[in-house]
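Trainee: To start, I am sharing the structure in question, which I have written as structure tokens.
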Protein chains: 2
Amino acid sequence: MRKALGTHVIVELFDCNPNTLTNKEYVERALLRAAHESNAKVVDHFFHQFKPYGVSGVVVIEESHYTIHTWPEHAFAAVDLFFCSDDIDLERAIEVLREEFQPDRISTVELKRGLLPDVSYSFNNREKAEVVSDL
Amino acid sequence: MRKALGTHVIVELFDCNPNTLTNKEYVERALLRAAHESNAKVVDHFFHQFKPYGVSGVVVIEESHYTIHTWPEHAFAAVDLFFCSDDIDLERAIEVLREEFQPDRISTVELKRGLLPDVSYSFNNREKAEVVSDL
């Protein structure tokens with residue numbers, strides 16, 4: 001079986017509590033919490049408040065990235081969880097999103113990124129890459 | 001027909017020129033060029049060099065985000081182009097990626113994000129959102 005370099009989970013949060021989607025600081029704290037509690041190693045993050053409403057945010061992690069875009073006027077948020085490590089606790093990340101944004105419905109689609117025929121060994125994160133390169 | 005809040009294009013660049021994938025400055029310049037030439041309005045950007053190799057980068061745009069993760073050792077890059085504006089020239093963005101990273105093969109998958117039953121009007125970017133909110 002071909003092994004993917006990364007896992008990319010598309011998360012759609014429908015019918016959220018709109019009050020949780022309007023404020024940059026709240027959204028930032030929530031996505032960072034999802035990152036930390038799912039074992040992601042945060043490298044940097046950037047959040048932007050749109051006028052009149054809406055927040056965009058990216059968290060660069062050693063394992064790739066988490067992003068969020070909110071539409072409070074539609075009670076909707078689009079989240080991406082992209083990671084290349086078996087250590088990421090995906091279920092925990094989604095549970096934190098559920099707690100923070102209180103959606104009535106969540107849709108998730110999991111994509112494999114970098115499905116390469118020559119990736120047959122365990123190539124799960126950047127640290128392991130370093131080991132592999134020394135072989 | 002239901003209208004989506006955003007368009008998310010998953011771009012996989014296979015068999016790139018590995019020399020184009022190793023250097024943070026090169027990758028940063030390339031993705032920013034893709035953003036500018038596809039009419040995206042750049043809000044901020046952040047790029048990170050991994051050791052021993054690989055680059056992660058995010059460009060936050062007013063229309064959402066572009067991201068890239070490179071695996072020079074596999075001549076592979078994973079790019080995401082997420083935008084909520086009809087003004088984005090997707091074909092131009094992909095053409096710039098092709099020029100900069102010289103892949104032998106590109107796979108693209110286009111996802112609609114935020115497919116909501118109540119979005120029947122043209123709700124394509126944050127500026128239009130402001131107009132709609134005043135109605």
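So you can find residues: chains in the structure tokens are A, B, ... in the order shown, residues in each start at 1, and ligands are numbered from 1 in order.
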Go ahead and align chain B to chain A (same sequence, so just pair every C-alpha in order, least squares) and export the moved chain as a compact mmCIF listing (two decimals) with N, CA and C atoms, in the first residue's frame.
Mentor:
```txt
# COMPACT_ATOMS: atom_id res chain seq x y z
N MET B 1 0.90 -1.21 0.08
CA MET B 1 0.05 -0.02 0.05
C MET B 1 0.92 1.22 0.06
N ARG B 2 0.56 2.17 -0.73
CA ARG B 2 1.32 3.42 -0.75
C ARG B 2 1.06 4.20 0.53
N LYS B 3 2.10 4.84 0.99
CA LYS B 3 1.99 5.64 2.20
C LYS B 3 1.98 7.11 1.81
N ALA B 4 1.14 7.86 2.51
CA ALA B 4 1.05 9.29 2.23
C ALA B 4 2.05 10.05 3.10
N LEU B 5 2.48 11.21 2.61
CA LEU B 5 3.36 12.06 3.40
C LEU B 5 2.57 12.80 4.48
N GLY B 6 1.32 13.11 4.18
CA GLY B 6 0.54 13.88 5.15
C GLY B 6 -0.93 13.51 5.14
N THR B 7 -1.59 13.90 6.22
CA THR B 7 -3.05 13.74 6.34
C THR B 7 -3.66 15.13 6.43
N HIS B 8 -4.71 15.35 5.66
CA HIS B 8 -5.34 16.66 5.62
C HIS B 8 -6.83 16.46 5.88
N VAL B 9 -7.28 16.99 7.01
CA VAL B 9 -8.69 16.82 7.37
C VAL B 9 -9.42 18.14 7.17
N ILE B 10 -10.42 18.08 6.30
CA ILE B 10 -11.27 19.24 5.99
C ILE B 10 -12.44 19.21 6.98
N VAL B 11 -12.55 20.22 7.81
CA VAL B 11 -13.59 20.25 8.84
C VAL B 11 -14.52 21.42 8.58
N GLU B 12 -15.81 21.13 8.46
CA GLU B 12 -16.81 22.17 8.26
C GLU B 12 -17.70 22.19 9.50
N LEU B 13 -17.75 23.35 10.13
CA LEU B 13 -18.53 23.51 11.36
C LEU B 13 -19.79 24.33 11.03
N PHE B 14 -20.93 23.67 11.06
CA PHE B 14 -22.20 24.30 10.70
C PHE B 14 -23.00 24.67 11.94
N ASP B 15 -23.74 25.79 11.82
CA ASP B 15 -24.65 26.20 12.90
C ASP B 15 -23.91 26.30 14.24
N CYS B 16 -22.79 27.03 14.18
CA CYS B 16 -22.04 27.31 15.40
C CYS B 16 -22.77 28.37 16.22
N ASN B 17 -22.29 28.59 17.43
CA ASN B 17 -22.69 29.77 18.20
C ASN B 17 -21.99 30.97 17.57
N PRO B 18 -22.72 31.86 16.91
CA PRO B 18 -22.07 32.95 16.17
C PRO B 18 -21.18 33.83 17.04
N ASN B 19 -21.54 33.93 18.33
CA ASN B 19 -20.73 34.75 19.23
C ASN B 19 -19.30 34.24 19.37
N THR B 20 -19.10 32.95 19.08
CA THR B 20 -17.75 32.39 19.20
C THR B 20 -16.92 32.66 17.96
N LEU B 21 -17.53 33.16 16.90
CA LEU B 21 -16.85 33.28 15.60
C LEU B 21 -16.42 34.70 15.26
N THR B 22 -16.83 35.67 16.07
CA THR B 22 -16.67 37.07 15.70
C THR B 22 -15.37 37.69 16.19
N ASN B 23 -14.83 37.15 17.25
CA ASN B 23 -13.75 37.82 17.96
C ASN B 23 -12.41 37.15 17.70
N LYS B 24 -11.45 37.92 17.22
CA LYS B 24 -10.15 37.37 16.86
C LYS B 24 -9.49 36.66 18.03
N GLU B 25 -9.54 37.28 19.20
CA GLU B 25 -8.86 36.69 20.36
C GLU B 25 -9.47 35.34 20.73
N TYR B 26 -10.80 35.27 20.66
CA TYR B 26 -11.47 34.01 21.01
C TYR B 26 -11.09 32.90 20.02
N VAL B 27 -11.17 33.24 18.72
CA VAL B 27 -10.88 32.24 17.69
C VAL B 27 -9.42 31.79 17.77
N GLU B 28 -8.54 32.74 18.02
CA GLU B 28 -7.12 32.44 18.14
C GLU B 28 -6.85 31.49 19.30
N ARG B 29 -7.44 31.83 20.44
CA ARG B 29 -7.23 30.99 21.62
C ARG B 29 -7.77 29.59 21.38
N ALA B 30 -8.91 29.51 20.69
CA ALA B 30 -9.56 28.22 20.45
C ALA B 30 -8.73 27.33 19.53
N LEU B 31 -8.22 27.90 18.43
CA LEU B 31 -7.47 27.08 17.49
C LEU B 31 -6.11 26.69 18.08
N LEU B 32 -5.52 27.60 18.85
CA LEU B 32 -4.26 27.25 19.52
C LEU B 32 -4.50 26.14 20.55
N ARG B 33 -5.62 26.20 21.22
CA ARG B 33 -5.94 25.14 22.18
C ARG B 33 -6.11 23.80 21.44
N ALA B 34 -6.78 23.84 20.30
CA ALA B 34 -6.93 22.60 19.51
C ALA B 34 -5.56 22.06 19.11
N ALA B 35 -4.64 22.97 18.75
CA ALA B 35 -3.30 22.54 18.36
C ALA B 35 -2.56 21.92 19.55
N HIS B 36 -2.53 22.63 20.65
CA HIS B 36 -1.78 22.15 21.82
C HIS B 36 -2.36 20.82 22.33
N GLU B 37 -3.67 20.75 22.44
CA GLU B 37 -4.28 19.55 23.04
C GLU B 37 -4.25 18.34 22.11
N SER B 38 -3.97 18.58 20.82
CA SER B 38 -3.86 17.45 19.89
C SER B 38 -2.39 17.10 19.64
N ASN B 39 -1.51 17.65 20.49
CA ASN B 39 -0.08 17.32 20.46
C ASN B 39 0.70 17.97 19.32
N ALA B 40 0.11 18.95 18.66
CA ALA B 40 0.85 19.66 17.61
C ALA B 40 1.87 20.60 18.25
N LYS B 41 3.01 20.72 17.58
CA LYS B 41 4.07 21.62 18.08
C LYS B 41 3.97 22.93 17.29
N VAL B 42 3.51 23.96 17.98
CA VAL B 42 3.25 25.24 17.32
C VAL B 42 4.56 25.96 17.02
N VAL B 43 4.72 26.36 15.75
CA VAL B 43 5.89 27.12 15.33
C VAL B 43 5.58 28.61 15.35
N ASP B 44 4.42 28.97 14.82
CA ASP B 44 4.01 30.36 14.80
C ASP B 44 2.52 30.42 14.48
N HIS B 45 1.91 31.58 14.69
CA HIS B 45 0.49 31.70 14.35
C HIS B 45 0.18 33.14 14.00
N PHE B 46 -0.85 33.30 13.19
CA PHE B 46 -1.27 34.63 12.78
C PHE B 46 -2.78 34.64 12.60
N PHE B 47 -3.43 35.63 13.19
CA PHE B 47 -4.89 35.75 13.08
C PHE B 47 -5.25 37.16 12.62
N HIS B 48 -6.30 37.25 11.84
CA HIS B 48 -6.70 38.53 11.27
C HIS B 48 -8.20 38.73 11.44
N GLN B 49 -8.55 39.92 11.93
CA GLN B 49 -9.97 40.28 12.11
C GLN B 49 -10.46 41.00 10.87
N PHE B 50 -11.55 40.50 10.29
CA PHE B 50 -12.13 41.19 9.15
C PHE B 50 -13.24 42.12 9.62
N LYS B 51 -13.43 43.19 8.88
CA LYS B 51 -14.55 44.09 9.12
C LYS B 51 -15.59 43.84 8.03
N PRO B 52 -16.86 43.77 8.32
CA PRO B 52 -17.45 43.99 9.64
C PRO B 52 -17.38 42.76 10.55
N TYR B 53 -17.11 41.58 9.98
CA TYR B 53 -17.04 40.41 10.84
C TYR B 53 -16.28 39.30 10.13
N GLY B 54 -15.87 38.33 10.91
CA GLY B 54 -15.11 37.23 10.34
C GLY B 54 -13.66 37.26 10.79
N VAL B 55 -13.12 36.07 10.97
CA VAL B 55 -11.73 35.93 11.42
C VAL B 55 -11.05 34.90 10.52
N SER B 56 -9.80 35.18 10.13
CA SER B 56 -8.97 34.19 9.46
C SER B 56 -7.77 33.92 10.35
N GLY B 57 -7.39 32.67 10.46
CA GLY B 57 -6.24 32.36 11.30
C GLY B 57 -5.47 31.17 10.78
N VAL B 58 -4.14 31.24 10.93
CA VAL B 58 -3.30 30.11 10.59
C VAL B 58 -2.38 29.81 11.76
N VAL B 59 -2.20 28.54 12.01
CA VAL B 59 -1.23 28.09 13.00
C VAL B 59 -0.26 27.18 12.26
N VAL B 60 0.97 27.62 12.12
CA VAL B 60 2.00 26.77 11.51
C VAL B 60 2.51 25.86 12.61
N ILE B 61 2.48 24.58 12.35
CA ILE B 61 2.95 23.60 13.33
C ILE B 61 4.10 22.82 12.70
N GLU B 62 4.90 22.19 13.52
CA GLU B 62 6.01 21.41 12.97
C GLU B 62 5.49 20.32 12.04
N GLU B 63 4.26 19.91 12.29
CA GLU B 63 3.67 18.82 11.51
C GLU B 63 2.94 19.32 10.27
N SER B 64 2.81 20.60 10.03
CA SER B 64 2.25 21.27 8.84
C SER B 64 1.42 22.49 9.25
N HIS B 65 0.08 22.43 9.24
CA HIS B 65 -0.68 23.62 9.62
C HIS B 65 -2.10 23.30 10.04
N TYR B 66 -2.65 24.19 10.88
CA TYR B 66 -4.09 24.27 11.14
C TYR B 66 -4.53 25.66 10.68
N THR B 67 -5.68 25.75 10.04
CA THR B 67 -6.22 27.06 9.66
C THR B 67 -7.71 27.13 9.99
N ILE B 68 -8.21 28.36 10.08
CA ILE B 68 -9.65 28.57 10.29
C ILE B 68 -10.08 29.85 9.58
N HIS B 69 -11.29 29.80 9.04
CA HIS B 69 -11.95 31.00 8.52
C HIS B 69 -13.39 30.97 9.03
N THR B 70 -13.83 32.09 9.59
CA THR B 70 -15.18 32.10 10.17
C THR B 70 -16.10 33.07 9.43
N TRP B 71 -17.37 32.69 9.33
CA TRP B 71 -18.43 33.53 8.79
C TRP B 71 -19.52 33.60 9.85
N PRO B 72 -19.37 34.51 10.82
CA PRO B 72 -20.37 34.57 11.91
C PRO B 72 -21.79 34.78 11.38
N GLU B 73 -21.90 35.52 10.29
CA GLU B 73 -23.23 35.80 9.74
C GLU B 73 -23.91 34.54 9.21
N HIS B 74 -23.14 33.51 8.99
CA HIS B 74 -23.69 32.21 8.57
C HIS B 74 -23.48 31.13 9.63
N ALA B 75 -23.00 31.54 10.78
CA ALA B 75 -22.74 30.60 11.88
C ALA B 75 -21.86 29.44 11.41
N PHE B 76 -20.93 29.76 10.51
CA PHE B 76 -20.12 28.74 9.84
C PHE B 76 -18.63 29.01 10.01
N ALA B 77 -17.87 27.93 10.17
CA ALA B 77 -16.42 28.04 10.17
C ALA B 77 -15.83 26.89 9.35
N ALA B 78 -14.80 27.22 8.57
CA ALA B 78 -14.06 26.23 7.78
C ALA B 78 -12.70 26.03 8.42
N VAL B 79 -12.40 24.81 8.82
CA VAL B 79 -11.14 24.50 9.49
C VAL B 79 -10.37 23.46 8.67
N ASP B 80 -9.06 23.63 8.61
CA ASP B 80 -8.20 22.62 7.99
C ASP B 80 -7.18 22.15 9.02
N LEU B 81 -7.04 20.85 9.10
CA LEU B 81 -6.04 20.24 9.99
C LEU B 81 -5.14 19.39 9.10
N PHE B 82 -3.93 19.88 8.87
CA PHE B 82 -2.99 19.23 7.94
C PHE B 82 -1.78 18.84 8.78
N PHE B 83 -1.45 17.56 8.80
CA PHE B 83 -0.35 17.13 9.66
C PHE B 83 0.34 15.90 9.07
N CYS B 84 1.61 15.77 9.41
CA CYS B 84 2.38 14.62 8.94
C CYS B 84 3.08 14.00 10.14
N SER B 85 2.26 13.51 11.07
CA SER B 85 2.80 12.82 12.23
C SER B 85 1.71 11.96 12.82
N ASP B 86 2.09 10.75 13.19
CA ASP B 86 1.13 9.87 13.82
C ASP B 86 0.81 10.30 15.25
N ASP B 87 1.58 11.25 15.76
CA ASP B 87 1.38 11.69 17.14
C ASP B 87 0.20 12.64 17.30
N ILE B 88 -0.31 13.18 16.21
CA ILE B 88 -1.42 14.13 16.31
C ILE B 88 -2.69 13.39 16.71
N ASP B 89 -3.36 13.93 17.71
CA ASP B 89 -4.62 13.35 18.20
C ASP B 89 -5.78 14.08 17.51
N LEU B 90 -6.13 13.58 16.33
CA LEU B 90 -7.15 14.24 15.51
C LEU B 90 -8.49 14.35 16.23
N GLU B 91 -8.87 13.28 16.90
CA GLU B 91 -10.18 13.29 17.59
C GLU B 91 -10.21 14.38 18.66
N ARG B 92 -9.08 14.55 19.34
CA ARG B 92 -9.03 15.59 20.37
C ARG B 92 -9.14 16.98 19.74
N ALA B 93 -8.48 17.18 18.61
CA ALA B 93 -8.57 18.49 17.93
C ALA B 93 -10.02 18.80 17.59
N ILE B 94 -10.72 17.82 17.05
CA ILE B 94 -12.12 18.04 16.65
C ILE B 94 -13.00 18.25 17.87
N GLU B 95 -12.69 17.55 18.95
CA GLU B 95 -13.47 17.73 20.18
C GLU B 95 -13.31 19.15 20.72
N VAL B 96 -12.09 19.67 20.67
CA VAL B 96 -11.87 21.06 21.12
C VAL B 96 -12.64 22.04 20.24
N LEU B 97 -12.62 21.81 18.93
CA LEU B 97 -13.39 22.69 18.02
C LEU B 97 -14.88 22.64 18.37
N ARG B 98 -15.37 21.46 18.70
CA ARG B 98 -16.78 21.29 19.06
C ARG B 98 -17.10 22.06 20.34
N GLU B 99 -16.20 21.95 21.30
CA GLU B 99 -16.43 22.66 22.57
C GLU B 99 -16.40 24.17 22.38
N GLU B 100 -15.45 24.63 21.59
CA GLU B 100 -15.22 26.09 21.48
C GLU B 100 -16.27 26.79 20.61
N PHE B 101 -16.71 26.12 19.53
CA PHE B 101 -17.59 26.81 18.58
C PHE B 101 -19.03 26.29 18.60
N GLN B 102 -19.28 25.24 19.33
CA GLN B 102 -20.63 24.72 19.59
C GLN B 102 -21.45 24.52 18.31
N PRO B 103 -20.90 23.82 17.31
CA PRO B 103 -21.67 23.59 16.08
C PRO B 103 -22.76 22.55 16.30
N ASP B 104 -23.87 22.71 15.57
CA ASP B 104 -24.90 21.68 15.59
C ASP B 104 -24.50 20.49 14.73
N ARG B 105 -23.63 20.74 13.74
CA ARG B 105 -23.26 19.69 12.81
C ARG B 105 -21.81 19.90 12.37
N ILE B 106 -21.07 18.81 12.28
CA ILE B 106 -19.69 18.86 11.81
C ILE B 106 -19.54 17.87 10.66
N SER B 107 -18.92 18.35 9.58
CA SER B 107 -18.56 17.46 8.48
C SER B 107 -17.05 17.37 8.41
N THR B 108 -16.53 16.14 8.31
CA THR B 108 -15.08 15.98 8.16
C THR B 108 -14.79 15.10 6.94
N VAL B 109 -13.79 15.50 6.19
CA VAL B 109 -13.31 14.70 5.07
C VAL B 109 -11.80 14.59 5.23
N GLU B 110 -11.32 13.36 5.17
CA GLU B 110 -9.88 13.15 5.36
C GLU B 110 -9.22 12.85 4.02
N LEU B 111 -8.24 13.67 3.68
CA LEU B 111 -7.51 13.49 2.43
C LEU B 111 -6.09 13.03 2.74
N LYS B 112 -5.57 12.17 1.90
CA LYS B 112 -4.15 11.82 1.99
C LYS B 112 -3.39 12.72 1.05
N ARG B 113 -2.35 13.38 1.56
CA ARG B 113 -1.54 14.27 0.72
C ARG B 113 -0.19 13.62 0.45
N GLY B 114 0.28 13.76 -0.79
CA GLY B 114 1.58 13.21 -1.13
C GLY B 114 1.58 11.70 -1.16
N LEU B 115 0.65 11.14 -1.91
CA LEU B 115 0.62 9.68 -2.08
C LEU B 115 1.64 9.33 -3.15
N LEU B 116 2.80 8.89 -2.70
CA LEU B 116 3.91 8.65 -3.63
C LEU B 116 4.23 7.16 -3.69
N PRO B 117 4.54 6.66 -4.87
CA PRO B 117 4.83 5.23 -4.99
C PRO B 117 6.09 4.81 -4.24
N ASP B 118 7.00 5.76 -4.02
CA ASP B 118 8.28 5.39 -3.42
C ASP B 118 8.31 5.58 -1.91
N VAL B 119 7.17 5.93 -1.31
CA VAL B 119 7.14 6.14 0.14
C VAL B 119 6.56 4.88 0.77
N SER B 120 7.43 3.93 1.03
CA SER B 120 6.94 2.67 1.58
C SER B 120 7.33 2.51 3.03
N TYR B 121 8.22 3.36 3.50
CA TYR B 121 8.63 3.28 4.89
C TYR B 121 7.84 4.30 5.71
N SER B 122 8.06 4.24 7.00
CA SER B 122 7.35 5.18 7.87
C SER B 122 8.00 6.54 7.78
N PHE B 123 7.31 7.46 7.17
CA PHE B 123 7.88 8.78 6.96
C PHE B 123 6.86 9.77 7.49
N ASN B 124 6.86 9.89 8.79
CA ASN B 124 5.72 10.54 9.40
C ASN B 124 5.96 11.94 9.91
N ASN B 125 7.19 12.30 10.12
CA ASN B 125 7.41 13.68 10.52
C ASN B 125 8.83 14.10 10.20
N ARG B 126 9.07 15.37 10.45
CA ARG B 126 10.35 15.96 10.05
C ARG B 126 11.51 15.36 10.84
N GLU B 127 11.25 14.99 12.07
CA GLU B 127 12.33 14.41 12.86
C GLU B 127 12.73 13.05 12.29
N LYS B 128 11.72 12.27 11.93
CA LYS B 128 12.04 10.97 11.33
C LYS B 128 12.75 11.16 10.00
N ALA B 129 12.39 12.24 9.29
CA ALA B 129 13.05 12.49 8.01
C ALA B 129 14.56 12.61 8.20
N GLU B 130 14.93 13.23 9.31
CA GLU B 130 16.35 13.40 9.56
C GLU B 130 17.03 12.05 9.75
N VAL B 131 16.38 11.17 10.46
CA VAL B 131 16.94 9.84 10.67
C VAL B 131 17.07 9.11 9.34
N VAL B 132 16.02 9.18 8.53
CA VAL B 132 16.04 8.47 7.26
C VAL B 132 17.18 8.99 6.37
N SER B 133 17.40 10.30 6.43
CA SER B 133 18.41 10.88 5.54
C SER B 133 19.82 10.45 5.92
N ASP B 134 19.97 9.95 7.12
CA ASP B 134 21.31 9.53 7.57
C ASP B 134 21.59 8.08 7.24
N LEU B 135 20.61 7.37 6.75
CA LEU B 135 20.81 5.95 6.47
C LEU B 135 21.73 5.73 5.28
```
Trainee: Would you please give, as a ChimeraX atom specification, all residues of chain B that DSSP assigns to alpha helix (DSSP H) based on the backbone?
Mentor: /B:24-37,90-101,126-133
